[in-house]
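Printed here is run.csv (CSV, C-alpha atoms):
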```
chain,number,residue,atom,x,y,z
A,284,MET,CA,70.2,-20.3,-25.5
A,285,ALA,CA,72.6,-17.3,-25.8
A,286,THR,CA,76.2,-18.0,-26.6
A,287,PHE,CA,78.7,-18.0,-23.7
A,288,PRO,CA,80.5,-14.6,-23.7
A,289,VAL,CA,84.0,-14.6,-24.9
A,290,VAL,CA,85.9,-11.3,-24.7
A,291,ASP,CA,89.1,-10.4,-26.7
A,292,MET,CA,91.1,-8.2,-24.3
A,293,SER,CA,93.4,-7.0,-27.1
A,294,LEU,CA,90.4,-4.9,-28.4
A,295,VAL,CA,90.2,-2.9,-25.1
A,296,ASN,CA,92.8,-0.4,-26.3
A,297,GLY,CA,91.6,0.0,-29.9
A,298,GLU,CA,88.7,1.3,-31.9
A,299,GLU,CA,86.5,-1.5,-30.5
A,300,ARG,CA,87.0,-0.5,-26.9
A,301,ALA,CA,83.4,0.7,-26.4
A,302,ALA,CA,81.9,-2.5,-27.9
A,303,THR,CA,84.3,-4.7,-25.8
A,304,LEU,CA,83.4,-2.8,-22.6
A,305,GLU,CA,79.7,-3.3,-23.4
A,306,LYS,CA,80.3,-7.0,-23.9
A,307,ILE,CA,82.0,-7.2,-20.5
A,308,ASN,CA,79.1,-5.2,-19.0
A,309,ASP,CA,76.5,-7.5,-20.5
A,310,ALA,CA,78.4,-10.6,-19.3
A,311,CYS,CA,78.6,-9.2,-15.7
A,312,GLU,CA,74.9,-8.3,-15.7
A,313,ASN,CA,73.5,-11.4,-17.3
A,314,TRP,CA,76.0,-14.2,-16.9
A,315,GLY,CA,78.4,-13.4,-13.9
A,316,PHE,CA,81.0,-15.2,-16.1
A,317,PHE,CA,83.0,-14.5,-19.3
A,318,GLU,CA,86.0,-16.0,-21.0
A,319,LEU,CA,89.1,-13.9,-21.9
A,320,VAL,CA,91.3,-14.5,-24.9
A,321,ASN,CA,94.4,-12.4,-25.8
A,322,HIS,CA,94.5,-11.4,-22.1
A,323,GLY,CA,98.3,-10.6,-22.0
A,324,ILE,CA,99.5,-13.7,-20.1
A,325,SER,CA,102.0,-15.4,-22.4
A,326,THR,CA,101.1,-18.8,-23.9
A,327,GLU,CA,104.5,-20.1,-22.9
A,328,LEU,CA,103.8,-19.4,-19.2
A,329,LEU,CA,100.4,-20.9,-19.4
A,330,ASP,CA,101.8,-24.1,-21.1
A,331,THR,CA,104.5,-24.3,-18.3
A,332,VAL,CA,101.9,-23.9,-15.6
A,333,GLU,CA,99.7,-26.6,-17.1
A,334,LYS,CA,102.6,-29.1,-17.6
A,335,MET,CA,103.9,-28.5,-14.1
A,336,ASN,CA,100.6,-28.8,-12.4
A,337,LYS,CA,99.7,-32.0,-14.3
A,338,ASP,CA,103.1,-33.5,-13.5
A,339,HIS,CA,102.8,-32.5,-9.8
A,340,TYR,CA,99.4,-34.2,-9.6
A,341,LYS,CA,100.6,-37.4,-11.1
A,342,LYS,CA,103.8,-37.5,-9.0
A,343,THR,CA,102.4,-36.3,-5.6
A,344,MET,CA,98.7,-36.4,-5.4
A,345,GLU,CA,97.1,-39.1,-7.6
A,346,GLN,CA,98.0,-42.0,-5.4
A,347,ARG,CA,96.9,-40.2,-2.3
A,348,PHE,CA,93.5,-39.5,-3.9
A,349,LYS,CA,93.1,-43.1,-4.9
A,350,GLU,CA,93.8,-44.2,-1.3
A,351,MET,CA,91.2,-41.7,0.0
A,352,VAL,CA,88.6,-43.0,-2.5
A,353,ALA,CA,89.3,-46.6,-1.4
A,354,ALA,CA,89.3,-45.7,2.3
A,355,LYS,CA,85.9,-44.1,2.0
A,356,GLY,CA,84.4,-46.6,-0.4
A,357,LEU,CA,83.5,-43.9,-2.9
A,358,ASP,CA,84.1,-46.1,-5.9
A,359,ALA,CA,81.2,-48.3,-4.8
A,360,VAL,CA,78.6,-45.8,-3.7
A,361,GLN,CA,75.0,-46.6,-4.6
A,362,SER,CA,73.2,-43.3,-3.8
A,363,GLU,CA,74.0,-39.7,-4.4
A,364,ILE,CA,76.7,-38.1,-2.2
A,365,HIS,CA,75.9,-34.6,-0.8
A,366,ASP,CA,78.7,-33.9,1.6
A,367,LEU,CA,81.9,-34.5,-0.5
A,368,ASP,CA,83.5,-33.3,-3.7
A,369,TRP,CA,85.4,-35.5,-6.2
A,370,GLU,CA,88.5,-33.3,-6.3
A,371,SER,CA,92.1,-33.3,-5.3
A,372,THR,CA,93.1,-29.8,-4.2
A,373,PHE,CA,95.6,-27.6,-2.3
A,374,PHE,CA,95.7,-23.8,-1.8
A,375,LEU,CA,98.5,-21.3,-2.5
A,376,ARG,CA,98.4,-17.9,-0.8
A,377,HIS,CA,100.0,-14.9,-2.6
A,378,LEU,CA,98.8,-11.8,-0.8
A,379,PRO,CA,99.1,-10.2,1.7
A,380,SER,CA,101.9,-12.8,2.3
A,381,SER,CA,102.9,-15.9,0.3
A,382,ASN,CA,102.9,-19.4,1.7
A,383,ILE,CA,104.3,-21.1,-1.5
A,384,SER,CA,107.6,-21.8,0.3
A,385,GLU,CA,105.8,-23.6,3.1
A,386,ILE,CA,103.8,-26.1,0.9
A,387,PRO,CA,105.4,-29.5,1.1
A,388,ASN,CA,106.3,-31.6,-2.0
A,389,LEU,CA,106.6,-28.8,-4.5
A,390,GLU,CA,109.6,-28.5,-6.7
A,391,GLU,CA,111.5,-25.2,-6.8
A,392,ASP,CA,110.7,-24.7,-10.4
A,393,TYR,CA,107.0,-25.1,-9.6
A,394,ARG,CA,107.2,-22.6,-6.8
A,395,LYS,CA,109.0,-20.1,-9.0
A,396,THR,CA,106.5,-20.6,-11.9
A,397,MET,CA,103.4,-20.2,-9.8
A,398,LYS,CA,104.8,-17.0,-8.2
A,399,GLU,CA,105.4,-15.6,-11.7
A,400,PHE,CA,101.8,-16.7,-12.7
A,401,ALA,CA,100.3,-15.0,-9.6
A,402,VAL,CA,102.0,-11.7,-10.5
A,403,GLU,CA,100.5,-11.8,-14.0
A,404,LEU,CA,97.0,-12.8,-12.7
A,405,GLU,CA,97.1,-10.0,-10.0
A,406,LYS,CA,97.8,-7.4,-12.8
A,407,LEU,CA,95.0,-8.9,-14.9
A,408,ALA,CA,92.5,-8.9,-12.0
A,409,GLU,CA,93.2,-5.2,-11.2
A,410,LYS,CA,92.9,-4.3,-14.9
A,411,LEU,CA,89.5,-6.0,-15.0
A,412,LEU,CA,88.4,-4.3,-11.8
A,413,ASP,CA,89.1,-0.9,-13.4
A,414,LEU,CA,87.2,-1.9,-16.5
A,415,LEU,CA,84.2,-2.8,-14.3
A,416,CYS,CA,84.6,0.6,-12.6
A,417,GLU,CA,84.4,2.3,-16.0
A,418,ASN,CA,81.3,0.4,-16.9
A,419,LEU,CA,79.6,1.1,-13.6
A,420,GLY,CA,80.5,4.8,-13.7
A,421,LEU,CA,82.7,4.5,-10.6
A,422,GLU,CA,86.0,6.3,-10.3
A,423,LYS,CA,89.1,4.4,-11.5
A,424,GLY,CA,90.5,2.3,-8.6
A,425,TYR,CA,87.2,2.3,-6.6
A,426,LEU,CA,86.9,-1.5,-6.4
A,427,LYS,CA,90.6,-2.1,-5.6
A,428,LYS,CA,90.3,0.6,-2.9
A,429,ALA,CA,87.1,-1.1,-1.6
A,430,PHE,CA,89.0,-4.4,-1.2
A,431,TYR,CA,92.1,-2.9,0.3
A,432,GLY,CA,91.4,-2.7,4.0
A,433,SER,CA,94.6,-2.3,6.2
A,434,LYS,CA,96.8,-4.9,4.4
A,435,GLY,CA,95.7,-4.9,0.7
A,436,PRO,CA,93.7,-7.7,-1.0
A,437,ASN,CA,93.6,-11.4,-0.1
A,438,PHE,CA,94.9,-13.2,-3.2
A,439,GLY,CA,95.3,-16.9,-3.5
A,440,THR,CA,95.1,-19.9,-5.9
A,441,LYS,CA,93.2,-23.1,-5.5
A,442,VAL,CA,94.9,-25.8,-7.5
A,443,SER,CA,92.5,-28.6,-8.2
A,444,ASN,CA,92.4,-31.8,-10.2
A,445,TYR,CA,89.2,-33.7,-10.9
A,446,PRO,CA,90.2,-37.4,-11.7
A,447,PRO,CA,88.0,-39.8,-13.6
A,448,CYS,CA,85.0,-40.8,-11.5
A,449,PRO,CA,83.3,-44.2,-11.6
A,450,LYS,CA,80.0,-42.8,-10.4
A,451,PRO,CA,79.7,-39.3,-12.0
A,452,ASP,CA,75.9,-39.4,-11.7
A,453,LEU,CA,76.2,-39.8,-7.9
A,454,ILE,CA,79.2,-37.6,-6.9
A,455,LYS,CA,79.8,-34.0,-8.1
A,456,GLY,CA,83.3,-32.8,-8.9
A,457,LEU,CA,82.4,-29.7,-6.9
A,458,ARG,CA,78.9,-29.0,-5.6
A,459,ALA,CA,77.0,-26.0,-6.7
A,460,HIS,CA,77.9,-22.6,-5.0
A,461,THR,CA,78.6,-19.0,-5.6
A,462,ASP,CA,82.1,-17.7,-4.7
A,463,ALA,CA,82.3,-15.5,-1.6
A,464,GLY,CA,84.9,-13.1,-2.7
A,465,GLY,CA,85.7,-10.5,-5.4
A,466,ILE,CA,86.8,-11.6,-8.9
A,467,ILE,CA,88.0,-15.1,-9.8
A,468,LEU,CA,90.4,-15.9,-12.6
A,469,LEU,CA,90.4,-19.6,-13.8
A,470,PHE,CA,92.9,-21.3,-16.0
A,471,GLN,CA,91.2,-24.6,-16.8
A,472,ASP,CA,91.8,-27.7,-18.8
A,473,ASP,CA,91.2,-27.2,-22.4
A,474,LYS,CA,90.4,-30.9,-23.2
A,475,VAL,CA,88.4,-32.2,-20.2
A,476,SER,CA,85.2,-30.2,-19.5
A,477,GLY,CA,83.0,-30.2,-16.4
A,478,LEU,CA,82.5,-26.6,-15.3
A,479,GLN,CA,78.8,-25.4,-15.5
A,480,LEU,CA,77.0,-22.3,-14.5
A,481,LEU,CA,73.3,-21.8,-13.7
A,482,LYS,CA,71.6,-19.5,-16.2
A,483,ASP,CA,67.8,-18.9,-16.4
A,484,GLY,CA,67.2,-22.1,-14.5
A,485,GLU,CA,69.4,-24.3,-16.7
A,486,TRP,CA,73.0,-25.6,-16.3
A,487,VAL,CA,75.2,-24.3,-19.1
A,488,ASP,CA,78.7,-25.6,-19.9
A,489,VAL,CA,81.6,-23.2,-19.7
A,490,PRO,CA,83.5,-24.1,-22.8
A,491,PRO,CA,87.1,-25.3,-22.4
A,492,MET,CA,89.3,-23.0,-24.7
A,493,HIS,CA,93.0,-23.3,-25.2
A,494,HIS,CA,95.0,-20.5,-23.3
A,495,SER,CA,91.9,-18.7,-22.2
A,496,ILE,CA,91.2,-17.3,-18.7
A,497,VAL,CA,87.6,-17.7,-17.4
A,498,ILE,CA,86.4,-14.8,-15.2
A,499,ASN,CA,83.6,-15.0,-12.7
A,500,LEU,CA,82.3,-12.5,-10.1
A,501,GLY,CA,82.0,-13.3,-6.4
A,502,ASP,CA,79.4,-12.2,-3.8
A,503,GLN,CA,81.3,-9.0,-2.9
A,504,ILE,CA,81.0,-7.6,-6.4
A,505,GLU,CA,77.2,-8.2,-6.2
A,506,VAL,CA,77.1,-6.3,-2.9
A,507,ILE,CA,79.3,-3.4,-4.0
A,508,THR,CA,77.2,-3.0,-7.2
A,509,ASN,CA,74.0,-3.4,-5.2
A,510,GLY,CA,72.9,-6.3,-7.4
A,511,LYS,CA,73.7,-4.7,-10.8
A,512,TYR,CA,76.3,-7.4,-11.3
A,513,LYS,CA,75.7,-10.9,-10.0
A,514,SER,CA,77.6,-13.8,-8.5
A,515,ILE,CA,76.3,-17.0,-10.2
A,516,MET,CA,75.9,-20.5,-9.0
A,517,HIS,CA,78.3,-22.9,-10.6
A,518,ARG,CA,79.5,-26.5,-10.2
A,519,VAL,CA,81.9,-29.1,-11.6
A,520,ILE,CA,80.5,-32.3,-13.1
A,521,ALA,CA,82.7,-35.3,-12.5
A,522,GLN,CA,83.7,-37.1,-15.7
A,523,SER,CA,84.2,-40.8,-16.2
A,524,ASP,CA,87.2,-40.2,-18.5
A,525,GLY,CA,90.2,-37.8,-18.2
A,526,THR,CA,91.5,-35.7,-15.3
A,527,ARG,CA,90.4,-32.1,-15.4
A,528,MET,CA,92.9,-29.4,-14.3
A,529,SER,CA,91.5,-26.3,-12.6
A,530,ILE,CA,93.7,-23.4,-11.3
A,531,ALA,CA,91.3,-20.8,-9.8
A,532,SER,CA,92.8,-17.6,-8.4
A,533,PHE,CA,90.7,-15.5,-6.1
A,534,TYR,CA,91.2,-11.7,-5.8
A,535,ASN,CA,89.3,-11.0,-2.6
A,536,PRO,CA,88.9,-8.1,-0.1
A,537,CYS,CA,91.2,-7.8,2.9
A,538,ASP,CA,89.7,-9.5,6.0
A,539,ASP,CA,89.1,-6.1,7.6
A,540,ALA,CA,87.7,-4.4,4.5
A,541,PHE,CA,84.3,-2.8,5.1
A,542,ILE,CA,82.1,-3.9,2.2
A,543,SER,CA,79.0,-1.9,1.2
A,544,PRO,CA,77.1,-0.8,-1.9
A,545,ALA,CA,78.9,2.0,-3.7
A,546,PRO,CA,77.1,5.3,-2.8
A,547,ALA,CA,77.2,6.4,-6.4
A,548,LEU,CA,75.2,3.4,-7.5
A,549,LEU,CA,72.7,3.8,-4.6
A,550,GLU,CA,71.9,7.3,-5.9
A,551,LYS,CA,70.8,5.8,-9.2
A,552,LYS,CA,68.6,3.0,-7.9
A,553,SER,CA,64.8,3.1,-7.9
A,554,GLU,CA,63.0,3.2,-4.6
A,555,GLU,CA,61.8,-0.4,-5.1
A,556,THR,CA,65.3,-1.8,-5.4
A,557,PRO,CA,66.4,-3.2,-2.1
A,558,THR,CA,69.8,-2.0,-0.6
A,559,TYR,CA,72.4,-4.7,0.0
A,560,PRO,CA,74.0,-5.0,3.4
A,561,LYS,CA,77.2,-3.5,4.8
A,562,PHE,CA,79.7,-5.7,6.7
A,563,LEU,CA,83.3,-6.6,7.4
A,564,PHE,CA,84.5,-9.1,4.8
A,565,ASP,CA,85.8,-11.4,7.5
A,566,ASP,CA,82.3,-11.6,9.1
A,567,TYR,CA,80.9,-12.6,5.8
A,568,MET,CA,83.5,-15.3,5.3
A,569,LYS,CA,82.8,-16.8,8.8
A,570,LEU,CA,79.1,-17.1,7.8
A,571,TYR,CA,80.0,-18.4,4.3
A,572,SER,CA,82.3,-21.2,5.5
A,573,GLY,CA,79.3,-23.1,6.9
A,574,LEU,CA,76.8,-22.2,4.1
A,575,LYS,CA,79.0,-22.3,1.0
A,576,PHE,CA,76.8,-24.9,-0.8
A,577,GLN,CA,73.5,-23.0,-0.1
A,578,ALA,CA,71.9,-20.1,-1.8
A,579,LYS,CA,73.5,-16.7,-1.4
A,580,GLU,CA,70.4,-14.7,-0.6
A,581,PRO,CA,70.0,-16.0,3.0
A,582,ARG,CA,73.6,-15.0,3.6
A,583,PHE,CA,72.9,-11.5,2.4
A,584,GLU,CA,69.8,-11.4,4.6
A,585,ALA,CA,71.7,-12.6,7.7
A,586,MET,CA,74.3,-9.9,7.2
A,587,LYS,CA,71.5,-7.3,6.7
A,588,ALA,CA,69.8,-8.5,10.0
A,589,ARG,CA,73.1,-8.2,11.8
A,590,GLU,CA,73.6,-4.7,10.4
A,591,THR,CA,70.1,-3.7,11.6
A,592,THR,CA,70.7,-5.2,15.0
A,593,SER,CA,74.0,-3.4,15.5
A,594,VAL,CA,72.4,-0.1,14.4
A,595,ALA,CA,69.6,-0.7,16.9
A,596,THR,CA,72.0,-1.4,19.8
A,597,ALA,CA,74.4,1.5,19.0
```

Mind turning this structure into structure tokens?
Amino acid sequence: MATFPVVDMSLVNGEERAATLEKINDACENWGFFELVNHGISTELLDTVEKMNKDHYKKTMEQRFKEMVAAKGLDAVQSEIHDLDWESTFFLRHLPSSNISEIPNLEEDYRKTMKEFAVELEKLAEKLLDLLCENLGLEKGYLKKAFYGSKGPNFGTKVSNYPPCPKPDLIKGLRAHTDAGGIILLFQDDKVSGLQLLKDGEWVDVPPMHHSIVINLGDQIEVITNGKYKSIMHRVIAQSDGTRMSIASFYNPCDDAFISPAPALLEKKSEETPTYPKFLFDDYMKLYSGLKFQAKEPRFEAMKARETTSVATA
């Protein structure tokens, strides 16, 4: 089995730029995931984010999760659960407008730190999108522009904790899925593992690494690259020991962004290569919300059929 790709971002601006870009390109084509080190976000900020999130979970959410488990009898299940995930989670929205001030039970220092973290992640996401453009032969800024719509990108953070699970063989931390959006930046626990991706028919662990940021590609990148880059099925395995922290930030298109394969990439494709659909991102999200834990291909086919129907009735 090939080694999970780890990319040193500090090499992008030096003599090893070409080799580093090739490593990113190979990861996007063959893994849909890679792990970044020396990414430019300070280790002090990462340590603060980790401490604050673990403290917040213990203070505010741990007891609530235990009560939910007891109420649903999840600690005594005898057969596999398919409609529920073993996670405690909430969502922070950053762009186009922030909801951090509206989320209850957050301390002011936490709100301030997560806003600062979001600014750093947004810069990193846009830097990565431009590196992807360079690798794809697209003009600089193409992907950001494709996501922009009328209000700019949707950008938000899913803060999750995966507590110890008494039945990890029967309940997933998070069921297998691909991500609907653009590019995802994950700051994960460096001690408690659990994230896995599907590669060549086998589940592969995404290694926990101190101060790294895990990158994965969403369905929209697959569409815009017409399948050159892929979104990949991934899941979280519940663990019997330790609570796993997961802070996943999603840099997604605007709701009214029109997503379609980049014309420059369609010019290069062979006749046998199918063309991906064109659609409004919001229409895709409405479809995805009911089919998240199913394969992505039927979603693409449904959007293609809708596109064909609208052309026929135009």

Point to revise | Distance in Å - atom CA of Ser371 of chain A versus atom CA of Phe348 of chain A | key: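 Straight-line distance from atom CA of Ser371 of chain A to atom CA of Phe348 of chain A works out to 6.5 Å.
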
Practice item. For segment 496-505 of chain A, work out the shell of residues within 7 Å, counting all atoms listed in the file and skipping chain neighbours fewer than 5 positions away, then give it as a list in words. Key: Gly315, Phe316, Phe317, Glu318, Leu319, Val320, Thr461, Asp462, Ala463, Gly464, Gly465, Ile466, Ile467, Leu468, Leu469, Phe470, Gly510, Lys511, Tyr512, Lys513 and Ser514 of chain A

Preceding selection exported with C-alpha atoms as a PDB file, in the coordinates of the input:
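The result, written out as out.pdb:
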```
ATOM      1  CA  GLY A 315      78.400 -13.400 -13.900  1.00  0.00           C
ATOM      2  CA  PHE A 316      81.000 -15.200 -16.100  1.00  0.00           C
ATOM      3  CA  PHE A 317      83.000 -14.500 -19.300  1.00  0.00           C
ATOM      4  CA  GLU A 318      86.000 -16.000 -21.000  1.00  0.00           C
ATOM      5  CA  LEU A 319      89.100 -13.900 -21.900  1.00  0.00           C
ATOM      6  CA  VAL A 320      91.300 -14.500 -24.900  1.00  0.00           C
ATOM      7  CA  THR A 461      78.600 -19.000  -5.600  1.00  0.00           C
ATOM      8  CA  ASP A 462      82.100 -17.700  -4.700  1.00  0.00           C
ATOM      9  CA  ALA A 463      82.300 -15.500  -1.600  1.00  0.00           C
ATOM     10  CA  GLY A 464      84.900 -13.100  -2.700  1.00  0.00           C
ATOM     11  CA  GLY A 465      85.700 -10.500  -5.400  1.00  0.00           C
ATOM     12  CA  ILE A 466      86.800 -11.600  -8.900  1.00  0.00           C
ATOM     13  CA  ILE A 467      88.000 -15.100  -9.800  1.00  0.00           C
ATOM     14  CA  LEU A 468      90.400 -15.900 -12.600  1.00  0.00           C
ATOM     15  CA  LEU A 469      90.400 -19.600 -13.800  1.00  0.00           C
ATOM     16  CA  PHE A 470      92.900 -21.300 -16.000  1.00  0.00           C
ATOM     17  CA  GLY A 510      72.900  -6.300  -7.400  1.00  0.00           C
ATOM     18  CA  LYS A 511      73.700  -4.700 -10.800  1.00  0.00           C
ATOM     19  CA  TYR A 512      76.300  -7.400 -11.300  1.00  0.00           C
ATOM     20  CA  LYS A 513      75.700 -10.900 -10.000  1.00  0.00           C
ATOM     21  CA  SER A 514      77.600 -13.800  -8.500  1.00  0.00           C
TER      22      SER A 514
END
```

Check your understanding: Separation of atom CA of Pro544 of chain A and atom CA of Tyr567 of chain A, in Å?
Key -> 14.6 Å

Check your understanding: Using only C-alpha atoms, which of A:Leu419, A:Val442, A:Ala531, A:Val289 sits nearest Tyr340 of chain A?
Key ->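 Once distances to Tyr340 of chain A are computed over only C-alpha atoms, the minimum belongs to A:Val442.
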
Practice item. Using all atoms listed in the file, find the one residue out of A:Asp488, A:Glu298, A:Glu399, A:Asp366 that sits nearest to Thr331 of chain A. Key: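 The answer is A:Glu399, which sits nearest to Thr331 of chain A.
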
Review point. How many Å lie between atom CA of Leu481 of chain A and atom CA of Leu548 of chain A, rounded to one decimal?
Key: 26.0 Å

Study note, to complete from the structure: Ala588 of chain A proximity check over A:Lys552, A:Lys561, A:Lys575, A:Arg518, using only C-alpha atoms: winner is A:Lys561

**Study point:** Distance criterion (all atoms listed in the file): nearest to Asp413 of chain A out of A:Met528, A:Ala429, A:Ala547, A:Ile383
**Key:** A:Ala429

Check your understanding: Met344 of chain A: which residues within 12 Å, counting all atoms listed in the file, same-chain residues fewer than 2 positions away excluded, as a list in words?
Key -> Asn336, Lys337, Asp338, His339, Tyr340, Lys341, Lys342, Gln346, Arg347, Phe348, Lys349, Glu350, Met351, Glu370, Ser371, Thr372, Phe373, Pro387, Asn388, Leu389, Val442, Ser443, Asn444, Tyr445 and Pro446 of chain A

Check your understanding: If I put a ball of radius 10 Å at (75.0, -12.4, 7.6) in the file's coordinates, which residues poke into it when counting all atoms listed in the file, written as number ranges by chain?
Key -> A: 560-562, 566-571, 580-590

Exercise for review: For each of A:Glu385, A:Glu363, A:Glu417, A:Glu409, take the minimum atom-to-atom distance to Asn308 of chain A, counting only C-alpha atoms, then give the residue where this is smallest.
Suggested key: A:Glu417

Point to revise | Of the listed residues A:Thr591, A:Ser572, A:Ser325, A:Thr508, that which approaches Tyr425 of chain A most closely, counting all atoms listed in the file | key: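 Of A:Thr591, A:Ser572, A:Ser325, A:Thr508, the one nearest Tyr425 of chain A, counting all atoms listed in the file, is A:Thr508.
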
Practice item. Counting only C-alpha atoms, find the residues whose atoms lie at most 12 Å from (84.8, -1.0, -16.2) (file coordinates) and write them out as a PyMOL selection string. Key: chain A and resi 295+300-301+303-311+408-426+508+512

Selection export as a PDB file, in the frame of the given file, atoms kept: C-alpha atoms:
```
ATOM      1  CA  VAL A 295      90.200  -2.900 -25.100  1.00  0.00           C
ATOM      2  CA  ARG A 300      87.000  -0.500 -26.900  1.00  0.00           C
ATOM      3  CA  ALA A 301      83.400   0.700 -26.400  1.00  0.00           C
ATOM      4  CA  THR A 303      84.300  -4.700 -25.800  1.00  0.00           C
ATOM      5  CA  LEU A 304      83.400  -2.800 -22.600  1.00  0.00           C
ATOM      6  CA  GLU A 305      79.700  -3.300 -23.400  1.00  0.00           C
ATOM      7  CA  LYS A 306      80.300  -7.000 -23.900  1.00  0.00           C
ATOM      8  CA  ILE A 307      82.000  -7.200 -20.500  1.00  0.00           C
ATOM      9  CA  ASN A 308      79.100  -5.200 -19.000  1.00  0.00           C
ATOM     10  CA  ASP A 309      76.500  -7.500 -20.500  1.00  0.00           C
ATOM     11  CA  ALA A 310      78.400 -10.600 -19.300  1.00  0.00           C
ATOM     12  CA  CYS A 311      78.600  -9.200 -15.700  1.00  0.00           C
ATOM     13  CA  ALA A 408      92.500  -8.900 -12.000  1.00  0.00           C
ATOM     14  CA  GLU A 409      93.200  -5.200 -11.200  1.00  0.00           C
ATOM     15  CA  LYS A 410      92.900  -4.300 -14.900  1.00  0.00           C
ATOM     16  CA  LEU A 411      89.500  -6.000 -15.000  1.00  0.00           C
ATOM     17  CA  LEU A 412      88.400  -4.300 -11.800  1.00  0.00           C
ATOM     18  CA  ASP A 413      89.100  -0.900 -13.400  1.00  0.00           C
ATOM     19  CA  LEU A 414      87.200  -1.900 -16.500  1.00  0.00           C
ATOM     20  CA  LEU A 415      84.200  -2.800 -14.300  1.00  0.00           C
ATOM     21  CA  CYS A 416      84.600   0.600 -12.600  1.00  0.00           C
ATOM     22  CA  GLU A 417      84.400   2.300 -16.000  1.00  0.00           C
ATOM     23  CA  ASN A 418      81.300   0.400 -16.900  1.00  0.00           C
ATOM     24  CA  LEU A 419      79.600   1.100 -13.600  1.00  0.00           C
ATOM     25  CA  GLY A 420      80.500   4.800 -13.700  1.00  0.00           C
ATOM     26  CA  LEU A 421      82.700   4.500 -10.600  1.00  0.00           C
ATOM     27  CA  GLU A 422      86.000   6.300 -10.300  1.00  0.00           C
ATOM     28  CA  LYS A 423      89.100   4.400 -11.500  1.00  0.00           C
ATOM     29  CA  GLY A 424      90.500   2.300  -8.600  1.00  0.00           C
ATOM     30  CA  TYR A 425      87.200   2.300  -6.600  1.00  0.00           C
ATOM     31  CA  LEU A 426      86.900  -1.500  -6.400  1.00  0.00           C
ATOM     32  CA  THR A 508      77.200  -3.000  -7.200  1.00  0.00           C
ATOM     33  CA  TYR A 512      76.300  -7.400 -11.300  1.00  0.00           C
TER      34      TYR A 512
END
```

Find the residues near segment 322-324 of chain A: any atom within 8 Å, counting only C-alpha atoms, skip ones fewer than 2 places away on the same chain, and give them as an mmCIF file with C-alpha atoms, keeping the file's coordinate frame.
```cif
data_model
loop_
_atom_site.group_PDB
_atom_site.id
_atom_site.type_symbol
_atom_site.label_atom_id
_atom_site.label_comp_id
_atom_site.auth_asym_id
_atom_site.auth_seq_id
_atom_site.Cartn_x
_atom_site.Cartn_y
_atom_site.Cartn_z
ATOM 1 C CA ASP A 291 89.100 -10.400 -26.700
ATOM 2 C CA MET A 292 91.100 -8.200 -24.300
ATOM 3 C CA SER A 293 93.400 -7.000 -27.100
ATOM 4 C CA LEU A 319 89.100 -13.900 -21.900
ATOM 5 C CA VAL A 320 91.300 -14.500 -24.900
ATOM 6 C CA THR A 326 101.100 -18.800 -23.900
ATOM 7 C CA LEU A 328 103.800 -19.400 -19.200
ATOM 8 C CA LEU A 329 100.400 -20.900 -19.400
ATOM 9 C CA GLU A 403 100.500 -11.800 -14.000
ATOM 10 C CA LEU A 404 97.000 -12.800 -12.700
ATOM 11 C CA LEU A 407 95.000 -8.900 -14.900
ATOM 12 C CA SER A 495 91.900 -18.700 -22.200
ATOM 13 C CA ILE A 496 91.200 -17.300 -18.700
#
```
